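Q: The structure under discussion is supplied below as structure tokens; questions concerning it will follow.
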Protein chains: 2
Amino acid sequence: MPVPPPLQRSRIFDGLTDAEREQWLGRATRVTLKRGETLARQGEPARHFYLVETGFLKVLQLTVEGTELIVRFVGAGEPFGGVVALGNAPYPVTATATQPSVMRAWTRESLATLLAATPQVSVNIMREMAAHMTDALTRVRELTTARVGPRLAQTLLRLARQCGERHPEGVLISQPLTRQEFADLTGTTLYTVSRTLTKWETMGLLQTRQRLVLLRSLPRLEEIAGSDED
Amino acid sequence: MPVPPPLQRSRIFDGLTDAEREQWLGRATRVTLKRGETLARQGEPARHFYLVETGFLKVLQLTVEGTELIVRFVGAGEPFGGVVALGNAPYPVTATATQPSVMRAWTRESLATLLAATPQVSVNIMREMAAHMTDALTRVRELTTARVGPRLAQTLLRLARQCGERHPEGVLISQPLTRQEFADLTGTTLYTVSRTLTKWETMGLLQTRQRLVLLRSLPRLEEIAGSDED
DNA sequence: CGGTGGCCTTGCGCTGGCGCAACGACGCGC
DNA sequence: GCGCGTCGTTGCGCCAGCGCAAGGCCACCG
């Protein structure tokens with residue numbers, strides 16, 4: 001049985017032999033999710049470690065008052081729940097499929113066994129986590145120092161890196177996102193997002209149709225992201 | 001040679017026998033820092049893993065433009081640099097002593113050897129890191145939703161947890177911090193911090209002398225922190 | 001003891017961006 | 001084709017909080 005490419009290329013398996021990869025994948029079960037279904041709920045005990053085979057997840061944190069924070073998106077080849085499944089803390093976040101998705105899942109026990117056999121993977125998981133940490137700190141820094149314009153530009157560029165598709169006229173952010181979601185990611189309101197995007201659209205920097213955004217000039221967006229103007 | 005108490009109690013060594021602890025500490029070297037000296041600089045290769053024996057560190061992230069973000073403080077018994085020392089990424093942050101400090105240091109190589117012998121420690125490190133992640137996300141959420149008042153109250157309460165000392169009239173934040181530092185931690189300006197603290201002082205919620213803050217009513221501060229008023 | 005430098009306070013004017021309200025566009029189901 | 005629900009746009013008023021500028025307090029030093 002051939003292993004699907006995205007899993008082969010997952011950074012989680014960096015430095016492993018093909019045999020070791022097979023060993024991991026042989027122990028996994030498959031979970032399929034419909035659009036909108038939830039994989040893990042904040043507060044529930046973390047029983048599994050997941051890897052996205054195909055699809056896309058939205059990771060949320062819910063506050064006591066019910067407001068939600070979009071933590072990140074998880075695409076093909078990316079892991080979810082690695083660290084918590086090792087300790088015995090509950091999931092600190094909720095993960096929901098934003099499109100039909102197929103996951104590979106390992107139980108805590110399999111994970112422990114496999115990590116003991118191939119310790120390189122735990123280093124890879126930590127590396128992944130360190131990257132998320134850097135991301136989170138970048139967000140904090142931007143929120144405390146940058147104005148809305150640059151922050152929104154950053155958000156667009158980050159999304160382009162995470163789920164951008166090459167397109168004849170630029171880079172298309174392949175995930176449909178509402179204005180509210182852009183606002184949540186940027187730390188502003190849907191009104192300001194709407195106003196700013198329409199302004200940039202008239203300037204020719206990008207193009208929006210429905211919930212999709214096509215970035216037409218990465219350099220100029222990077223310029224905005226780096227400056228303190230919008 | 002008796003092991004200093006703060007290290008004994010470090011969460012990093014949870015689940016270890018006394019002998020295993022001794023094994024770790026026997027491999028460590030001691031580093032002493034004067035006030036203001038820097039232990040690790042952002043961008044430098046991460047060669048060591050540290051544990052604070054006594055003292056206090058300020059962890060900063062510097063932006064390209066030179067603005068600095070206070071990431072966290074590290075007190076006695078707490079680790080620094082655990083994850084990066086495992087991978088081969090450079091330090092993502094700078095750590096500076098805010099008072100005379102004594103550290104224990106392990107090289108990458110010792111760390112790898114010791115972790116192989118006592119894998120529980122890597123789980124402990126990950127747990128620690130997960131806590132920092134939660135902290136960072138809490139900060140992001142607060143910055144995007146809460147007003148300055150509640151955020152500042154949160155900051156004070158967090159500091160009280162990290163380095164609070166019982167005091168006949170309340171809890172004293174044992175670290176001297178400038179208004180600018182409170183502002184950096186809260187995501188506001190020194191002006192607003194000053195105004196808010198003086199207001200709370202007249203209300204009897206707290207008392208400031210020099211750079212020290214004495215919290216006199218945790219319940220009322222928690223109330224402010226949780227509401228959307230100030 | 002007077003000077004110097006670092007930190008804190010506070011009055012004041014200004015504005016970025018929030019958020020209501022009203023309306024428009026689009027897709028979907030019946 | 002019509003109605004309904006979701007999402008996006010935009011005019012407008014408003015205010016939280018920023019940041020300058022001026023002044024005060026305090027510690028430290030020669």
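Ordered as shown in the structure tokens, chains take letters A, B, and onward, while each chain numbers its residues from 1 and ligands are numbered from 1 in the order shown.
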Per residue of chain A within 9 Å of chain C, record the nearest atom pair and its distance in Å to one decimal, counting only C-alpha atoms (C1' of nucleotides), with rows in chain order and ascending residue number, as a tab-separated table.
A:
residue	atom	partner	partner_atom	distance
A:Arg147	CA	C:DG16	C1'	8.7
A:Val148	CA	C:DG17	C1'	8.5
A:Thr188	CA	C:DG17	C1'	8.6
A:Thr189	CA	C:DC18	C1'	7.5
A:Tyr191	CA	C:DG19	C1'	8.3
A:Thr192	CA	C:DG17	C1'	7.2
A:Gln210	CA	C:DC26	C1'	8.7
Q: If we count only C-alpha atoms (C1' of nucleotides) and set the cut-off at 8 Å, which residues sit around Val83 of chain B, ignoring sequence neighbours fewer than 6 positions away in its own chain? Please answer as a list in words.
A: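 That gives Met126, Arg127 and Ala130 of chain A; Ile125 of chain B.
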Q: Would you mind listing, for every residue of chain D within 10 Å of chain B, the two atoms forming the shortest contact and the distance between them in Å to one decimal, using only C-alpha atoms (C1' of nucleotides), sorted by chain and ascending residue number, as a tab-separated table?
A:
residue	atom	partner	partner_atom	distance
D:DA16	C1'	B:Arg147	CA	8.6
D:DG17	C1'	B:Thr192	CA	7.3
D:DC18	C1'	B:Thr189	CA	7.6
D:DG19	C1'	B:Tyr191	CA	8.3
D:DC26	C1'	B:Gln210	CA	8.9
Q: Keeping N, CA and C atoms (P, O5', C5', C4', C3', O3' and C1' of nucleotides), export the residues of the selection given above as a PDB file, in the first residue's frame.
A:
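Result file is part-v7.pdb:
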ATOM      1  P    DA D  16     -14.662  55.903  26.769  1.00  0.00           P
ATOM      2  O5'  DA D  16     -13.520  54.790  26.729  1.00  0.00           O
ATOM      3  C5'  DA D  16     -13.583  53.771  25.748  1.00  0.00           C
ATOM      4  C4'  DA D  16     -12.200  53.424  25.234  1.00  0.00           C
ATOM      5  C3'  DA D  16     -11.101  53.363  26.287  1.00  0.00           C
ATOM      6  O3'  DA D  16     -10.281  52.252  25.976  1.00  0.00           O
ATOM      7  C1'  DA D  16     -10.567  55.029  24.660  1.00  0.00           C
ATOM      8  P    DG D  17      -9.134  51.801  26.960  1.00  0.00           P
ATOM      9  O5'  DG D  17      -7.868  52.520  26.333  1.00  0.00           O
ATOM     10  C5'  DG D  17      -7.625  52.342  24.945  1.00  0.00           C
ATOM     11  C4'  DG D  17      -6.646  53.379  24.461  1.00  0.00           C
ATOM     12  C3'  DG D  17      -5.402  53.570  25.346  1.00  0.00           C
ATOM     13  O3'  DG D  17      -4.304  53.486  24.484  1.00  0.00           O
ATOM     14  C1'  DG D  17      -6.303  55.632  24.742  1.00  0.00           C
ATOM     15  P    DC D  18      -2.840  53.240  24.877  1.00  0.00           P
ATOM     16  O5'  DC D  18      -2.086  54.178  23.843  1.00  0.00           O
ATOM     17  C5'  DC D  18      -2.504  54.190  22.482  1.00  0.00           C
ATOM     18  C4'  DC D  18      -2.062  55.489  21.847  1.00  0.00           C
ATOM     19  C3'  DC D  18      -0.636  55.902  22.161  1.00  0.00           C
ATOM     20  O3'  DC D  18       0.037  56.129  20.940  1.00  0.00           O
ATOM     21  C1'  DC D  18      -2.130  57.699  22.616  1.00  0.00           C
ATOM     22  P    DG D  19       1.574  56.112  20.905  1.00  0.00           P
ATOM     23  O5'  DG D  19       1.962  57.619  21.251  1.00  0.00           O
ATOM     24  C5'  DG D  19       1.561  58.639  20.364  1.00  0.00           C
ATOM     25  C4'  DG D  19       1.921  59.977  20.937  1.00  0.00           C
ATOM     26  C3'  DG D  19       3.278  60.025  21.661  1.00  0.00           C
ATOM     27  O3'  DG D  19       3.864  61.280  21.373  1.00  0.00           O
ATOM     28  C1'  DG D  19       1.628  60.803  23.087  1.00  0.00           C
ATOM     29  P    DC D  26       9.601  62.195  47.040  1.00  0.00           P
ATOM     30  O5'  DC D  26      10.859  61.311  46.635  1.00  0.00           O
ATOM     31  C5'  DC D  26      10.704  60.271  45.680  1.00  0.00           C
ATOM     32  C4'  DC D  26      12.072  59.815  45.202  1.00  0.00           C
ATOM     33  C3'  DC D  26      13.146  59.848  46.291  1.00  0.00           C
ATOM     34  O3'  DC D  26      13.646  58.532  46.444  1.00  0.00           O
ATOM     35  C1'  DC D  26      13.935  60.819  44.256  1.00  0.00           C
TER      36       DC D  26
END
Q: With 6 Å as the limit and counting only C-alpha atoms, what residues in chain A lie close to chain B? Please list them as a ChimeraX atom specification.
A: /A:140,144,187
Q: Only N, CA and C atoms, please: the residues just picked out, written as a short mmCIF file (atom, residue, chain, number, x, y, z; two decimals), in the first residue's frame.
A:
data_model
loop_
_atom_site.label_atom_id
_atom_site.label_comp_id
_atom_site.auth_asym_id
_atom_site.auth_seq_id
_atom_site.Cartn_x
_atom_site.Cartn_y
_atom_site.Cartn_z
N VAL A 140 1.63 38.56 19.37
CA VAL A 140 1.58 39.45 20.54
C VAL A 140 2.31 40.75 20.23
N THR A 144 0.68 44.59 20.00
CA THR A 144 1.02 45.67 20.92
C THR A 144 1.67 46.85 20.21
N GLY A 187 -7.02 40.64 14.93
CA GLY A 187 -7.28 41.39 16.14
C GLY A 187 -7.91 42.73 15.81
#
Q: Run DSSP on the backbone and tell me which residues of segment 101-145 of chain B come out as strand (DSSP E); list them as an MDAnalysis selection string.
A: chainID B and resid 101:107
Q: For the residues in that selection, give me all heavy atoms as a PDB file, in the first residue's frame.
A:
ATOM      1  N   SER B 101      22.193  36.671  39.752  1.00  0.00           N
ATOM      2  CA  SER B 101      21.571  35.365  39.590  1.00  0.00           C
ATOM      3  C   SER B 101      22.608  34.260  39.472  1.00  0.00           C
ATOM      4  O   SER B 101      23.710  34.478  38.981  1.00  0.00           O
ATOM      5  CB  SER B 101      20.701  35.350  38.328  1.00  0.00           C
ATOM      6  OG  SER B 101      19.727  36.371  38.375  1.00  0.00           O
ATOM      7  N   VAL B 102      22.223  33.095  39.926  1.00  0.00           N
ATOM      8  CA  VAL B 102      23.065  31.909  39.762  1.00  0.00           C
ATOM      9  C   VAL B 102      22.295  30.886  38.945  1.00  0.00           C
ATOM     10  O   VAL B 102      21.144  30.578  39.254  1.00  0.00           O
ATOM     11  CB  VAL B 102      23.455  31.297  41.124  1.00  0.00           C
ATOM     12  CG1 VAL B 102      24.349  30.072  40.916  1.00  0.00           C
ATOM     13  CG2 VAL B 102      24.144  32.333  41.989  1.00  0.00           C
ATOM     14  N   MET B 103      22.908  30.397  37.880  1.00  0.00           N
ATOM     15  CA  MET B 103      22.259  29.443  37.003  1.00  0.00           C
ATOM     16  C   MET B 103      22.992  28.110  37.049  1.00  0.00           C
ATOM     17  O   MET B 103      24.186  28.065  37.304  1.00  0.00           O
ATOM     18  CB  MET B 103      22.324  29.928  35.549  1.00  0.00           C
ATOM     19  CG  MET B 103      22.073  31.395  35.318  1.00  0.00           C
ATOM     20  SD  MET B 103      20.366  31.780  35.591  1.00  0.00           S
ATOM     21  CE  MET B 103      19.603  30.697  34.392  1.00  0.00           C
ATOM     22  N   ARG B 104      22.266  27.038  36.759  1.00  0.00           N
ATOM     23  CA  ARG B 104      22.903  25.780  36.430  1.00  0.00           C
ATOM     24  C   ARG B 104      22.816  25.618  34.925  1.00  0.00           C
ATOM     25  O   ARG B 104      21.759  25.880  34.348  1.00  0.00           O
ATOM     26  CB  ARG B 104      22.167  24.612  37.103  1.00  0.00           C
ATOM     27  CG  ARG B 104      22.233  24.649  38.606  1.00  0.00           C
ATOM     28  CD  ARG B 104      23.646  24.467  39.075  1.00  0.00           C
ATOM     29  NE  ARG B 104      23.682  24.392  40.515  1.00  0.00           N
ATOM     30  CZ  ARG B 104      24.006  23.265  41.180  1.00  0.00           C
ATOM     31  NH1 ARG B 104      24.351  22.180  40.513  1.00  0.00           N
ATOM     32  NH2 ARG B 104      24.020  23.263  42.490  1.00  0.00           N
ATOM     33  N   ALA B 105      23.888  25.132  34.316  1.00  0.00           N
ATOM     34  CA  ALA B 105      23.916  25.015  32.859  1.00  0.00           C
ATOM     35  C   ALA B 105      24.308  23.615  32.426  1.00  0.00           C
ATOM     36  O   ALA B 105      25.173  22.979  33.034  1.00  0.00           O
ATOM     37  CB  ALA B 105      24.898  26.031  32.296  1.00  0.00           C
ATOM     38  N   TRP B 106      23.630  23.133  31.386  1.00  0.00           N
ATOM     39  CA  TRP B 106      23.985  21.856  30.774  1.00  0.00           C
ATOM     40  C   TRP B 106      24.279  22.106  29.297  1.00  0.00           C
ATOM     41  O   TRP B 106      23.585  22.899  28.650  1.00  0.00           O
ATOM     42  CB  TRP B 106      22.831  20.865  30.857  1.00  0.00           C
ATOM     43  CG  TRP B 106      22.574  20.327  32.216  1.00  0.00           C
ATOM     44  CD1 TRP B 106      23.019  19.146  32.736  1.00  0.00           C
ATOM     45  CD2 TRP B 106      21.763  20.918  33.252  1.00  0.00           C
ATOM     46  NE1 TRP B 106      22.559  18.978  34.023  1.00  0.00           N
ATOM     47  CE2 TRP B 106      21.784  20.051  34.365  1.00  0.00           C
ATOM     48  CE3 TRP B 106      21.036  22.116  33.350  1.00  0.00           C
ATOM     49  CZ2 TRP B 106      21.110  20.325  35.550  1.00  0.00           C
ATOM     50  CZ3 TRP B 106      20.363  22.389  34.532  1.00  0.00           C
ATOM     51  CH2 TRP B 106      20.400  21.501  35.614  1.00  0.00           C
ATOM     52  N   THR B 107      25.274  21.436  28.764  1.00  0.00           N
ATOM     53  CA  THR B 107      25.531  21.534  27.333  1.00  0.00           C
ATOM     54  C   THR B 107      24.492  20.703  26.586  1.00  0.00           C
ATOM     55  O   THR B 107      23.830  19.850  27.168  1.00  0.00           O
ATOM     56  CB  THR B 107      26.918  20.983  26.973  1.00  0.00           C
ATOM     57  OG1 THR B 107      26.949  19.600  27.326  1.00  0.00           O
ATOM     58  CG2 THR B 107      28.014  21.729  27.706  1.00  0.00           C
TER      59      THR B 107
END
Q: Grab the atom CA of Leu51 of chain B to atom CA of Ala85 of chain B distance for me, in Å with one decimal place.
A: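 According to the coordinates, atom CA of Leu51 of chain B and atom CA of Ala85 of chain B are separated by 12.8 Å.
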Q: Env of Glu78 of chain B: 8 Å cut, atoms = only C-alpha atoms (C1' of nucleotides), seq-sep filter 2 positions within chain, self excluded. Answer as an MDAnalysis selection string.
A: chainID B and resid 10:12 51:52 74:76 80
Q: Could you check how far atom CA of Leu57 of chain A sits from atom CA of Leu215 of chain A, in Å to one decimal?
A: 22.2 Å
